[in-house]
file start-v2.pdb (PDB, C-alpha atoms)
ATOM      1  CA  ALA A   1       0.000   0.000   0.000
ATOM      2  CA  SER A   2       1.368   3.407  -0.965
ATOM      3  CA  TRP A   3       0.403   5.316   2.144
ATOM      4  CA  PRO A   4       1.185   8.095   2.859
ATOM      5  CA  PRO A   5       0.427   9.612  -0.568
ATOM      6  CA  GLY A   6       3.597  10.129  -2.530
ATOM      7  CA  ALA A   7       5.551   7.470  -0.653
ATOM      8  CA  GLU A   8       7.188   4.572  -2.389
ATOM      9  CA  ALA A   9       5.031   1.476  -2.763
ATOM     10  CA  VAL A  10       5.945  -1.418  -0.480
ATOM     11  CA  SER A  11       4.672  -4.962  -0.294
ATOM     12  CA  ASP A  12       1.741  -5.898   1.944
ATOM     13  CA  ASP A  13       3.910  -8.121   4.130
ATOM     14  CA  ASP A  14       6.362  -5.281   4.734
ATOM     15  CA  THR A  15       3.466  -2.935   5.530
ATOM     16  CA  ARG A  16       1.928  -5.321   8.059
ATOM     17  CA  SER A  17       5.230  -6.095   9.748
ATOM     18  CA  ALA A  18       6.127  -2.401   9.902
ATOM     19  CA  PHE A  19       2.749  -1.551  11.391
ATOM     20  CA  LEU A  20       2.830  -4.328  13.991
ATOM     21  CA  ASP A  21       6.384  -3.464  15.031
ATOM     22  CA  THR A  22       5.664   0.232  15.435
ATOM     23  CA  THR A  23       5.620   1.426  19.040
ATOM     24  CA  MET A  24       2.477   3.303  20.069
ATOM     25  CA  TYR A  25       2.237   5.920  22.797
ATOM     26  CA  LYS A  26      -0.676   7.650  24.487
ATOM     27  CA  LEU A  27      -0.914  11.104  26.010
ATOM     28  CA  HIS A  28      -4.009  12.661  27.591
ATOM     29  CA  GLY A  29      -5.031  14.737  30.581
ATOM     30  CA  ASN A  30      -6.006  11.832  32.834
ATOM     31  CA  ILE A  31      -2.451  10.493  32.899
ATOM     32  CA  PRO A  32      -0.361  11.652  35.888
ATOM     33  CA  GLN A  33       2.144  14.381  35.109
ATOM     34  CA  LYS A  34       5.106  12.112  35.848
ATOM     35  CA  ASP A  35       3.917   9.493  33.341
ATOM     36  CA  ARG A  36       3.118  12.171  30.753
ATOM     37  CA  THR A  37       6.644  13.537  30.988
ATOM     38  CA  ARG A  38       8.117  10.051  30.631
ATOM     39  CA  THR A  39       5.943   9.323  27.574
ATOM     40  CA  PHE A  40       6.880  12.653  25.998
ATOM     41  CA  PHE A  41      10.626  12.010  26.233
ATOM     42  CA  ARG A  42      10.272   8.408  25.093
ATOM     43  CA  PHE A  43       8.405   9.512  21.975
ATOM     44  CA  CYS A  44      10.900  12.310  21.273
ATOM     45  CA  ASN A  45      13.864   9.940  21.556
ATOM     46  CA  ALA A  46      12.265   7.170  19.465
ATOM     47  CA  SER A  47      13.300   6.753  15.833
ATOM     48  CA  GLU A  48       9.675   6.018  14.856
ATOM     49  CA  GLY A  49       6.319   5.614  16.542
ATOM     50  CA  ILE A  50       2.687   6.696  16.746
ATOM     51  CA  LEU A  51       1.426   9.033  19.462
ATOM     52  CA  PHE A  52      -2.308   8.974  20.255
ATOM     53  CA  CYS A  53      -3.096  12.195  22.068
ATOM     54  CA  THR A  54      -5.762  14.743  22.888
ATOM     55  CA  ASP A  55      -5.456  18.536  22.802
ATOM     56  CA  VAL A  56      -3.164  18.269  25.835
ATOM     57  CA  ALA A  57      -0.371  17.925  23.255
ATOM     58  CA  ALA A  58      -1.664  20.625  20.906
ATOM     59  CA  ARG A  59       0.256  23.470  22.500
ATOM     60  CA  GLY A  60       3.563  24.027  24.217
ATOM     61  CA  LEU A  61       5.186  20.707  23.240
ATOM     62  CA  ASP A  62       8.185  20.608  20.919
ATOM     63  CA  LEU A  63       7.900  17.236  19.174
ATOM     64  CA  PRO A  64      10.831  16.908  16.756
ATOM     65  CA  ALA A  65      10.658  15.145  13.386
ATOM     66  CA  VAL A  66       6.888  14.543  13.330
ATOM     67  CA  SER A  67       5.944  13.573   9.778
ATOM     68  CA  TYR A  68       2.160  13.483  10.014
ATOM     69  CA  ILE A  69      -0.552  15.035  12.137
ATOM     70  CA  ILE A  70      -3.790  13.038  11.712
ATOM     71  CA  GLN A  71      -6.934  14.586  13.178
ATOM     72  CA  TYR A  72      -9.839  12.216  13.577
ATOM     73  CA  ASP A  73     -12.135  14.805  15.215
ATOM     74  CA  PRO A  74     -12.180  18.350  13.792
ATOM     75  CA  PRO A  75     -11.457  21.011  16.435
ATOM     76  CA  ASP A  76     -14.118  23.555  17.339
ATOM     77  CA  ASP A  77     -11.695  26.465  17.042
ATOM     78  CA  THR A  78      -9.448  27.549  14.183
ATOM     79  CA  ASN A  79      -6.618  28.429  16.569
ATOM     80  CA  THR A  80      -6.720  24.907  17.958
ATOM     81  CA  TYR A  81      -6.422  23.525  14.427
ATOM     82  CA  ILE A  82      -3.397  25.736  13.781
ATOM     83  CA  HIS A  83      -1.725  24.645  17.014
ATOM     84  CA  ARG A  84      -2.412  20.989  16.234
ATOM     85  CA  ILE A  85      -0.827  21.036  12.780
ATOM     86  CA  GLY A  86       1.986  23.145  14.206
ATOM     87  CA  ARG A  87       3.447  20.027  15.834
ATOM     88  CA  THR A  88       4.840  19.046  12.402
ATOM     89  CA  ALA A  89       7.088  20.846   9.881
ATOM     90  CA  ARG A  90       9.079  22.486  12.658
ATOM     91  CA  MET A  91      12.514  24.065  12.377
ATOM     92  CA  GLY A  92      12.549  23.997   8.567
ATOM     93  CA  GLN A  93      11.477  20.374   8.269
ATOM     94  CA  ARG A  94       8.679  18.996   6.102
ATOM     95  CA  GLY A  95       5.408  17.635   7.384
ATOM     96  CA  GLN A  96       1.808  17.026   6.440
ATOM     97  CA  ALA A  97      -1.545  17.214   8.229
ATOM     98  CA  VAL A  98      -4.583  15.053   7.506
ATOM     99  CA  LEU A  99      -8.116  15.869   8.627
ATOM    100  CA  PHE A 100     -10.995  13.370   8.463
ATOM    101  CA  LEU A 101     -14.338  14.855   7.387
ATOM    102  CA  GLN A 102     -17.665  13.326   6.440
ATOM    103  CA  LYS A 103     -19.668  14.542   3.468
ATOM    104  CA  SER A 104     -21.978  16.525   5.738
ATOM    105  CA  GLU A 105     -18.944  18.277   7.253
ATOM    106  CA  LEU A 106     -17.294  19.607   4.092
ATOM    107  CA  ASP A 107     -18.480  23.130   4.864
ATOM    108  CA  TYR A 108     -15.866  23.108   7.616
ATOM    109  CA  LEU A 109     -13.258  23.600   4.880
ATOM    110  CA  ASP A 110     -14.717  27.016   4.094
ATOM    111  CA  HIS A 111     -14.401  27.860   7.777
ATOM    112  CA  LEU A 112     -10.680  27.003   7.610
ATOM    113  CA  LYS A 113     -10.124  28.810   4.317
ATOM    114  CA  GLU A 114     -11.439  32.003   5.882
ATOM    115  CA  SER A 115      -8.437  31.820   8.211
ATOM    116  CA  GLY A 116      -6.050  31.724   5.249
ATOM    117  CA  MET A 117      -5.404  27.971   5.087
ATOM    118  CA  SER A 118      -5.380  26.041   1.828
ATOM    119  CA  LEU A 119      -6.301  22.375   1.810
ATOM    120  CA  SER A 120      -6.441  19.673  -0.826
ATOM    121  CA  GLU A 121      -8.696  16.626  -0.936
ATOM    122  CA  ILE A 122      -7.367  13.077  -0.633
ATOM    123  CA  SER A 123      -9.441  10.256  -2.102
ATOM    124  CA  VAL A 124     -10.120   7.887   0.776
ATOM    125  CA  VAL A 125     -11.710   5.355  -1.583
ATOM    126  CA  LYS A 126      -8.506   5.160  -3.579
ATOM    127  CA  ILE A 127      -6.450   4.633  -0.449
ATOM    128  CA  LEU A 128      -8.781   1.928   0.838
ATOM    129  CA  ALA A 129      -8.769   0.197  -2.535
ATOM    130  CA  GLU A 130      -5.022  -0.324  -2.180
ATOM    131  CA  LEU A 131      -5.639  -2.295   1.021
ATOM    132  CA  ASN A 132      -7.478  -5.090  -0.823
ATOM    133  CA  ASP A 133      -5.373  -8.176  -1.379
ATOM    134  CA  ASP A 134      -5.985  -8.311  -5.099
ATOM    135  CA  ASP A 135      -2.310  -8.314  -6.016
ATOM    136  CA  GLU A 136      -1.951 -11.984  -5.148
ATOM    137  CA  ASP A 137      -2.087 -14.241  -8.147
ATOM    138  CA  ASP A 138      -3.555 -17.573  -7.131
ATOM    139  CA  GLY A 139      -4.190 -18.719 -10.695
ATOM    140  CA  ASP A 140      -7.968 -18.611 -10.386
ATOM    141  CA  ASP A 141      -9.541 -15.935 -12.550
ATOM    142  CA  ALA A 142     -12.932 -16.456 -10.893
ATOM    143  CA  LEU A 143     -11.474 -15.723  -7.472
ATOM    144  CA  ASP A 144      -9.601 -12.744  -8.834
ATOM    145  CA  GLY A 145     -12.846 -11.409 -10.274
ATOM    146  CA  ALA A 146     -14.619 -11.927  -6.929
ATOM    147  CA  ALA A 147     -11.819 -10.158  -5.102
ATOM    148  CA  SER A 148     -12.099  -7.206  -7.431
ATOM    149  CA  GLN A 149     -15.757  -6.903  -6.472
ATOM    150  CA  VAL A 150     -14.935  -6.507  -2.774
ATOM    151  CA  PRO A 151     -15.656  -2.933  -1.636
ATOM    152  CA  PRO A 152     -12.546  -0.947  -0.715
ATOM    153  CA  GLY A 153     -11.445  -1.528   2.857
ATOM    154  CA  LEU A 154     -14.013  -4.257   3.542
ATOM    155  CA  LEU A 155     -11.447  -6.949   4.303
ATOM    156  CA  LEU A 156      -9.662  -4.673   6.758
ATOM    157  CA  GLN A 157     -12.992  -3.707   8.333
ATOM    158  CA  GLN A 158     -13.922  -7.352   8.777
ATOM    159  CA  GLN A 159     -10.600  -8.093  10.425
ATOM    160  CA  PHE A 160     -11.074  -5.226  12.860
ATOM    161  CA  GLU A 161     -14.630  -6.305  13.669
ATOM    162  CA  SER A 162     -13.526  -9.877  14.253
ATOM    163  CA  LEU A 163     -10.757  -8.693  16.576
ATOM    164  CA  VAL A 164     -13.060  -6.400  18.583
ATOM    165  CA  SER A 165     -15.895  -8.935  18.867
ATOM    166  CA  THR A 166     -13.611 -11.660  20.244
ATOM    167  CA  ASP A 167     -11.848  -9.465  22.817
ATOM    168  CA  VAL A 168     -14.127  -8.509  25.725
ATOM    169  CA  GLU A 169     -11.913  -5.691  27.012
ATOM    170  CA  LEU A 170     -11.350  -4.263  23.541
ATOM    171  CA  HIS A 171     -15.074  -4.455  22.787
ATOM    172  CA  GLU A 172     -15.940  -2.515  25.946
ATOM    173  CA  LEU A 173     -13.350   0.141  25.096
ATOM    174  CA  ALA A 174     -14.840   0.450  21.604
ATOM    175  CA  ARG A 175     -18.343   0.885  23.050
ATOM    176  CA  LEU A 176     -17.170   3.557  25.482
ATOM    177  CA  SER A 177     -15.308   5.361  22.697
ATOM    178  CA  PHE A 178     -18.396   5.305  20.485
ATOM    179  CA  LEU A 179     -20.630   6.779  23.196
ATOM    180  CA  SER A 180     -18.030   9.391  24.132
ATOM    181  CA  SER A 181     -17.621  10.404  20.497
ATOM    182  CA  VAL A 182     -21.374  10.836  20.028
ATOM    183  CA  ARG A 183     -21.649  12.976  23.161
ATOM    184  CA  ALA A 184     -18.690  15.127  22.115
ATOM    185  CA  TYR A 185     -20.242  15.675  18.681
ATOM    186  CA  GLY A 186     -23.109  17.537  20.297
ATOM    187  CA  SER A 187     -20.777  19.907  22.166
ATOM    188  CA  TYR A 188     -19.683  22.044  19.198
ATOM    189  CA  PRO A 189     -20.282  25.801  19.589
ATOM    190  CA  LYS A 190     -23.303  27.496  18.084
ATOM    191  CA  LYS A 191     -21.386  28.919  15.122
ATOM    192  CA  LEU A 192     -20.516  25.365  13.991
ATOM    193  CA  LYS A 193     -23.833  23.677  14.842
ATOM    194  CA  SER A 194     -24.986  23.953  11.233
ATOM    195  CA  ILE A 195     -21.989  21.838  10.198
ATOM    196  CA  PHE A 196     -21.607  19.455  13.143
ATOM    197  CA  HIS A 197     -25.198  18.779  14.095
ATOM    198  CA  PRO A 198     -26.000  15.487  15.878
ATOM    199  CA  ARG A 199     -28.916  14.880  13.513
ATOM    200  CA  LYS A 200     -26.525  14.851  10.569
ATOM    201  CA  LEU A 201     -24.364  12.216  12.203
ATOM    202  CA  HIS A 202     -24.834   8.695  10.850
ATOM    203  CA  LEU A 203     -24.570   6.623  14.007
ATOM    204  CA  GLY A 204     -24.197   3.379  12.078
ATOM    205  CA  TYR A 205     -21.094   4.655  10.292
ATOM    206  CA  VAL A 206     -19.665   5.927  13.557
ATOM    207  CA  ALA A 207     -20.199   2.510  15.158
ATOM    208  CA  LYS A 208     -18.490   0.879  12.174
ATOM    209  CA  SER A 209     -15.522   3.201  12.575
ATOM    210  CA  TYR A 210     -15.018   1.639  16.026
ATOM    211  CA  ALA A 211     -15.376  -1.876  14.549
ATOM    212  CA  LEU A 212     -18.694  -2.485  16.315
ATOM    213  CA  LYS A 213     -21.232  -4.839  14.777
ATOM    214  CA  GLU A 214     -24.144  -3.910  17.046
ATOM    215  CA  GLN A 215     -26.774  -1.360  16.162
ATOM    216  CA  PRO A 216     -26.261   2.070  17.780
ATOM    217  CA  LYS A 217     -29.539   1.819  19.705
ATOM    218  CA  ARG A 218     -28.469  -1.485  21.204
ATOM    219  CA  ILE A 219     -25.087  -0.056  22.171
ATOM    220  CA  ALA A 220     -26.737   2.869  23.954
ATOM    221  CA  ARG A 221     -29.374   0.616  25.546
ATOM    222  CA  ASP A 222     -26.781  -1.822  26.868
ATOM    223  CA  ARG A 223     -24.817   1.087  28.267
ATOM    224  CA  ASP A 224     -27.916   2.534  29.902
ATOM    225  CA  ARG A 225     -28.631  -0.832  31.475
ATOM    226  CA  ALA A 226     -25.091  -1.046  32.767
ATOM    227  CA  ASP A 227     -25.298   2.493  34.120
ATOM    228  CA  SER A 228     -28.711   1.762  35.663
ATOM    229  CA  SER A 229     -27.421  -1.406  37.302
ATOM    230  CA  LYS A 230     -24.375   0.445  38.549
ATOM    231  CA  SER A 231     -26.559   3.298  39.789
ATOM    232  CA  LYS A 232     -28.877   0.917  41.621
ATOM    233  CA  LYS A 233     -25.945  -0.850  43.189
ATOM    234  CA  GLN A 234     -24.422   2.461  44.224
ATOM    235  CA  SER A 235     -27.781   3.679  45.574
ATOM    236  CA  LYS A 236     -28.222   0.519  47.607
ATOM    237  CA  GLN A 237     -24.710   0.849  48.945
ATOM    238  CA  ASP A 238     -25.332   4.504  49.844
ATOM    239  CA  GLN A 239     -28.568   3.531  51.601
ATOM    240  CA  ASN A 240     -26.777   0.843  53.589
ATOM    241  CA  ASN A 241     -24.086   3.337  54.514
ATOM    242  CA  ARG A 242     -26.744   5.823  55.685
ATOM    243  CA  HIS A 243     -28.449   3.157  57.822
ATOM    244  CA  LYS A 244     -25.120   2.114  59.244
ATOM    245  CA  SER A 245     -24.216   5.716  60.039
ATOM    246  CA  ALA A 246     -27.614   6.324  61.671
ATOM    247  CA  ASN A 247     -27.240   3.180  63.809
ATOM    248  CA  GLN A 248     -23.769   4.223  64.883
ATOM    249  CA  GLN A 249     -25.023   7.690  65.805
ATOM    250  CA  HIS A 250     -27.919   6.190  67.768
ATOM    251  CA  GLN A 251     -25.513   3.915  69.629
ATOM    252  CA  ARG A 252     -23.247   6.859  70.456
ATOM    253  CA  GLN A 253     -26.204   8.867  71.776
ATOM    254  CA  HIS A 254     -27.355   5.890  73.861
ATOM    255  CA  GLN A 255     -23.861   5.463  75.291
ATOM    256  CA  GLN A 256     -23.674   9.172  76.116
ATOM    257  CA  GLN A 257     -27.019   9.008  77.930
ATOM    258  CA  GLN A 258     -25.875   5.991  79.905
ATOM    259  CA  GLN A 259     -22.648   7.737  80.853
ATOM    260  CA  GLN A 260     -24.564  10.828  81.985
ATOM    261  CA  GLN A 261     -26.887   8.734  84.154
ATOM    262  CA  GLN A 262     -23.958   6.865  85.665
ATOM    263  CA  SER A 263     -22.165  10.124  86.400
ATOM    264  CA  LYS A 264     -25.255  11.445  88.200
ATOM    265  CA  GLN A 265     -25.548   8.304  90.317
ATOM    266  CA  ARG A 266     -21.875   8.246  91.107
ATOM    267  CA  LYS A 267     -20.547  10.645  93.767
ATOM    268  CA  ASN A 268     -18.358  13.334  92.398
ATOM    269  CA  PRO A 269     -14.931  13.049  94.093
ATOM    270  CA  ILE A 270     -14.376  16.794  93.777
ATOM    271  CA  ASN A 271     -17.507  17.635  95.867
ATOM    272  CA  ARG A 272     -17.173  14.698  98.223
ATOM    273  CA  LYS A 273     -16.565  16.897 101.302
ATOM    274  CA  LYS A 274     -19.461  19.113 100.431
ATOM    275  CA  GLN A 275     -21.631  16.061 100.041
ATOM    276  CA  LYS A 276     -20.556  14.798 103.479
ATOM    277  CA  ARG A 277     -21.189  18.183 105.065
ATOM    278  CA  GLN A 278     -24.595  18.282 103.469
ATOM    279  CA  TYR A 279     -25.300  14.812 104.783
ATOM    280  CA  GLY A 280     -24.111  15.856 108.266
ATOM    281  CA  ASP A 281     -26.272  18.987 108.167
ATOM    282  CA  ASP A 282     -29.295  16.918 107.304
ATOM    283  CA  LEU A 283     -28.470  14.497 110.092
ATOM    284  CA  ARG A 284     -28.035  17.274 112.663
ATOM    285  CA  ALA A 285     -31.265  18.925 111.512
ATOM    286  CA  SER A 286     -33.045  15.613 111.883
ATOM    287  CA  MET A 287     -31.562  15.130 115.355
ATOM    288  CA  ARG A 288     -32.645  18.632 116.393
ATOM    289  CA  LYS A 289     -36.188  17.896 115.269
ATOM    290  CA  ARG A 290     -36.213  14.666 117.257
ATOM    291  CA  LYS A 291     -34.776  16.386 120.327
ATOM    292  CA  LYS A 292     -37.285  19.196 120.091
ATOM    293  CA  ALA A 293     -40.142  16.724 119.793
ATOM    294  CA  PHE A 294     -38.753  14.780 122.756
ATOM    295  CA  ASN A 295     -38.522  17.927 124.864
ATOM    296  CA  GLN A 296     -42.097  18.893 124.002
ATOM    297  CA  ASN A 297     -43.309  15.488 125.069
ATOM    298  CA  THR A 298     -41.285  15.637 128.272
ATOM    299  CA  THR A 299     -42.614  19.120 129.168
ATOM    300  CA  ALA A 300     -46.210  18.034 128.683
ATOM    301  CA  GLY A 301     -45.698  15.070 130.987
ATOM    302  CA  GLY A 302     -44.086  17.221 133.744
ATOM    303  CA  ARG A 303     -46.986  19.694 133.852
ATOM    304  CA  GLY A 304     -49.471  16.910 134.405
ATOM    305  CA  GLY A 305     -47.452  15.486 137.207
ATOM    306  CA  GLY A 306     -47.185  18.899 138.889
ATOM    307  CA  GLY A 307     -50.963  19.240 139.050
ATOM    308  CA  GLY A 308     -51.292  15.920 140.720
ATOM    309  CA  PHE A 309     -48.622  16.811 143.144
ATOM    310  CA  LYS A 310     -50.564  19.930 144.105
ATOM    311  CA  LYS A 311     -53.643  17.921 144.673
ATOM    312  CA  GLY A 312     -51.665  15.756 146.854
ATOM    313  CA  GLY A 313     -50.310  18.804 148.559
ATOM    314  CA  GLY A 314     -53.833  20.031 149.120
ATOM    315  CA  ALA A 315     -54.700  16.771 150.725
ATOM    316  CA  THR A 316     -51.610  16.979 152.898
ATOM    317  CA  ALA A 317     -52.539  20.451 153.899
ATOM    318  CA  GLY A 318     -56.068  19.214 154.697
ATOM    319  CA  ARG A 319     -54.654  16.535 156.899
ATOM    320  CA  ARG A 320     -52.604  19.172 158.596
ATOM    321  CA  ASN A 321     -55.708  21.211 159.142
TER
END

call {"tool": "encode", "arguments": {"input": "start-v2.pdb", "output": "structure tokens"}}
result
Amino acid sequence: ASWPPGAEAVSDDDTRSAFLDTTMYKLHGNIPQKDRTRTFFRFCNASEGILFCTDVAARGLDLPAVSYIIQYDPPDDTNTYIHRIGRTARMGQRGQAVLFLQKSELDYLDHLKESGMSLSEISVVKILAELNDDDEDDGDDALDGAASQVPPGLLLQQQFESLVSTDVELHELARLSFLSSVRAYGSYPKKLKSIFHPRKLHLGYVAKSYALKEQPKRIARDRDRADSSKSKKQSKQDQNNRHKSANQQHQRQHQQQQQQQQSKQRKNPINRKKQKRQYGDDLRASMRKRKKAFNQNTTAGGRGGGGGFKKGGGATAGRRN
């Protein structure tokens, strides 16, 4: 396949081996700064490689000897596009930039031309046609004729779909990428909504671009079910945590009440003397009451005896008379 355009044609075996042996790197904002720095220097020091990155690498990074900048998603700002393609053709070197656009997005070229940029169209069908294995001569004209009828890129698409469908982890990553891409397509600013409108997006083609065989509705429905199941599980876990927290708080309050009651029943060692004095005062007051009552009873008994004694005295005086 003679890709990139203008390059010397090489055999299919050499192309496959070169592609499989190429080191790939990734760079995005969710990677820790230490790992991003390590990846940056590894890519800069490598003789060849492919760097998959987001706009985190669009500005401020000096990437030497970058031959191609390939943009799968058009940026929503012309300045961002300029900064992206500015990672190639640096310091007097040559470089090229490729931008993928659908037929409904071709008006985006006018938006770029207004900023003074000139672009030329590359025939994707021609490039894909070179990927078909119709150069092999197996001696069967019927098979050669059937191979020539294969749509461009179909064999490669089938290989990708077979790989994704048989790898569970890769299939899940493809589904997440599809859903993320569809959501991001609806986030373009108002001035570009007429070009990048979600209603113009062919979801089936987008799913195919991620090597997914399922229908888009099924992909979204399965994801909603997974999110719903995850949400229910999280809600149940949150409810259990709330019940557990409420029970712990109730136990703490109960323990505090018990401690307060025990402290009231227990004598305070700091006021022990005062408590004894109060107890002695009560005892002395009680003893005074008893003594007073005893004295009142004793006085009443003495007066009665005195009257009798006088009677007796009167009798004695009568005997004397």

call {"tool": "residues_around", "arguments": {"input": "start-v2.pdb", "residues": "A:Leu192", "least_positions_apart": "5", "cutoff": "10 Å", "atoms": "all atoms listed in the file", "output": "NGL selection string"}}
result
:A and (76-77 or 105 or 107-108 or 111 or 187 or 197)

call {"tool": "residues_around", "arguments": {"input": "start-v2.pdb", "residues": "stretch 169-185 of chain A", "least_positions_apart": "6", "cutoff": "7 Å", "atoms": "all atoms listed in the file", "output": "list in words"}}
result
Phe196, Pro198, Ala207, Tyr210 and Ile219 of chain A

call {"tool": "atom_distance", "arguments": {"input": "start-v2.pdb", "atom1": "atom CA of A:Leu106", "atom2": "atom CA of A:Lys200"}}
result
12.2 Å

call {"tool": "resolve_selection", "arguments": {"input": "start-v2.pdb", "expression": "the PyMOL selection byres ((chain A and resi 88) around 10)", "output": "CSV table (one decimal) with C-alpha atoms, in the frame of the given file"}}
result
chain,number,residue,atom,x,y,z
A,62,ASP,CA,8.2,20.6,20.9
A,63,LEU,CA,7.9,17.2,19.2
A,64,PRO,CA,10.8,16.9,16.8
A,65,ALA,CA,10.7,15.1,13.4
A,66,VAL,CA,6.9,14.5,13.3
A,67,SER,CA,5.9,13.6,9.8
A,68,TYR,CA,2.2,13.5,10.0
A,69,ILE,CA,-0.6,15.0,12.1
A,83,HIS,CA,-1.7,24.6,17.0
A,84,ARG,CA,-2.4,21.0,16.2
A,85,ILE,CA,-0.8,21.0,12.8
A,86,GLY,CA,2.0,23.1,14.2
A,87,ARG,CA,3.4,20.0,15.8
A,89,ALA,CA,7.1,20.8,9.9
A,90,ARG,CA,9.1,22.5,12.7
A,91,MET,CA,12.5,24.1,12.4
A,92,GLY,CA,12.5,24.0,8.6
A,93,GLN,CA,11.5,20.4,8.3
A,94,ARG,CA,8.7,19.0,6.1
A,95,GLY,CA,5.4,17.6,7.4
A,96,GLN,CA,1.8,17.0,6.4
A,97,ALA,CA,-1.5,17.2,8.2

call {"tool": "resolve_selection", "arguments": {"input": "start-v2.pdb", "expression": "the PyMOL selection byres ((chain A and resi 54) around 8)", "output": "list in words"}}
result
Leu27, His28, Gly29, Phe52, Cys53, Asp55, Val56, Ala57 and Ala58 of chain A

call {"tool": "atom_distance", "arguments": {"input": "start-v2.pdb", "atom1": "atom CA of A:Leu212", "atom2": "atom CA of A:Phe160"}}
result
8.8 Å

call {"tool": "atom_distance", "arguments": {"input": "start-v2.pdb", "atom1": "atom CA of A:Asn240", "atom2": "atom CA of A:Gln256"}}
result
24.2 Å

call {"tool": "closest_residue", "arguments": {"input": "start-v2.pdb", "among": "A:Tyr81, A:Phe100, A:Tyr188, A:Phe40", "to": "A:Tyr25", "atoms": "all atoms listed in the file"}}
result
A:Phe40

call {"tool": "closest_residue", "arguments": {"input": "start-v2.pdb", "among": "A:Pro32, A:Asp73, A:His254, A:Leu128", "to": "A:Leu156", "atoms": "all atoms listed in the file"}}
result
A:Leu128

call {"tool": "closest_residue", "arguments": {"input": "start-v2.pdb", "among": "A:Thr22, A:Gln215, A:Gln260, A:Gln248", "to": "A:Ile50", "atoms": "all atoms listed in the file"}}
result
A:Thr22

call {"tool": "residues_around", "arguments": {"input": "start-v2.pdb", "residues": "stretch 118-124 of chain A", "least_positions_apart": "6", "cutoff": "10 Å", "atoms": "only C-alpha atoms", "output": "VMD selection string"}}
result
chain A and resid 5 97 to 100 109 to 110 112 152 to 153

call {"tool": "closest_residue", "arguments": {"input": "start-v2.pdb", "among": "A:Asn79, A:Asn241, A:Ser104, A:Gln257", "to": "A:Met117", "atoms": "only C-alpha atoms"}}
result
A:Asn79

call {"tool": "closest_residue", "arguments": {"input": "start-v2.pdb", "among": "A:Glu130, A:Asp21, A:Glu114, A:Glu214", "to": "A:Glu161", "atoms": "only C-alpha atoms"}}
result
A:Glu214

call {"tool": "decode", "arguments": {"input": "start-v2.pdb", "residues": "stretch 287-297 of chain A", "atoms": "N, CA, C and O atoms", "output": "JSON list (two decimals), in the first residue's frame"}}
result
[["chain", "number", "residue", "atom", "x", "y", "z"],
["A", 287, "MET", "N", -31.75, 15.37, 113.91],
["A", 287, "MET", "CA", -31.56, 15.13, 115.35],
["A", 287, "MET", "C", -32.17, 16.27, 116.17],
["A", 287, "MET", "O", -32.76, 16.04, 117.24],
["A", 288, "ARG", "N", -32.05, 17.52, 115.66],
["A", 288, "ARG", "CA", -32.64, 18.63, 116.39],
["A", 288, "ARG", "C", -34.16, 18.50, 116.43],
["A", 288, "ARG", "O", -34.80, 18.80, 117.45],
["A", 289, "LYS", "N", -34.74, 18.08, 115.30],
["A", 289, "LYS", "CA", -36.19, 17.90, 115.27],
["A", 289, "LYS", "C", -36.62, 16.83, 116.27],
["A", 289, "LYS", "O", -37.60, 16.98, 117.01],
["A", 290, "ARG", "N", -35.89, 15.74, 116.31],
["A", 290, "ARG", "CA", -36.21, 14.67, 117.26],
["A", 290, "ARG", "C", -36.06, 15.14, 118.72],
["A", 290, "ARG", "O", -36.89, 14.84, 119.58],
["A", 291, "LYS", "N", -35.00, 15.90, 118.96],
["A", 291, "LYS", "CA", -34.78, 16.39, 120.33],
["A", 291, "LYS", "C", -35.85, 17.36, 120.75],
["A", 291, "LYS", "O", -36.34, 17.35, 121.90],
["A", 292, "LYS", "N", -36.23, 18.24, 119.79],
["A", 292, "LYS", "CA", -37.29, 19.20, 120.09],
["A", 292, "LYS", "C", -38.60, 18.50, 120.37],
["A", 292, "LYS", "O", -39.32, 18.84, 121.33],
["A", 293, "ALA", "N", -38.91, 17.49, 119.57],
["A", 293, "ALA", "CA", -40.14, 16.72, 119.79],
["A", 293, "ALA", "C", -40.08, 15.99, 121.13],
["A", 293, "ALA", "O", -41.07, 15.90, 121.87],
["A", 294, "PHE", "N", -38.91, 15.47, 121.48],
["A", 294, "PHE", "CA", -38.75, 14.78, 122.76],
["A", 294, "PHE", "C", -38.93, 15.74, 123.93],
["A", 294, "PHE", "O", -39.59, 15.43, 124.93],
["A", 295, "ASN", "N", -38.38, 16.94, 123.80],
["A", 295, "ASN", "CA", -38.52, 17.93, 124.86],
["A", 295, "ASN", "C", -39.97, 18.36, 125.02],
["A", 295, "ASN", "O", -40.45, 18.55, 126.15],
["A", 296, "GLN", "N", -40.68, 18.52, 123.91],
["A", 296, "GLN", "CA", -42.10, 18.89, 124.00],
["A", 296, "GLN", "C", -42.89, 17.80, 124.70],
["A", 296, "GLN", "O", -43.72, 18.08, 125.58],
["A", 297, "ASN", "N", -42.62, 16.59, 124.40],
["A", 297, "ASN", "CA", -43.31, 15.49, 125.07],
["A", 297, "ASN", "C", -42.96, 15.44, 126.55],
["A", 297, "ASN", "O", -43.80, 15.21, 127.42]]
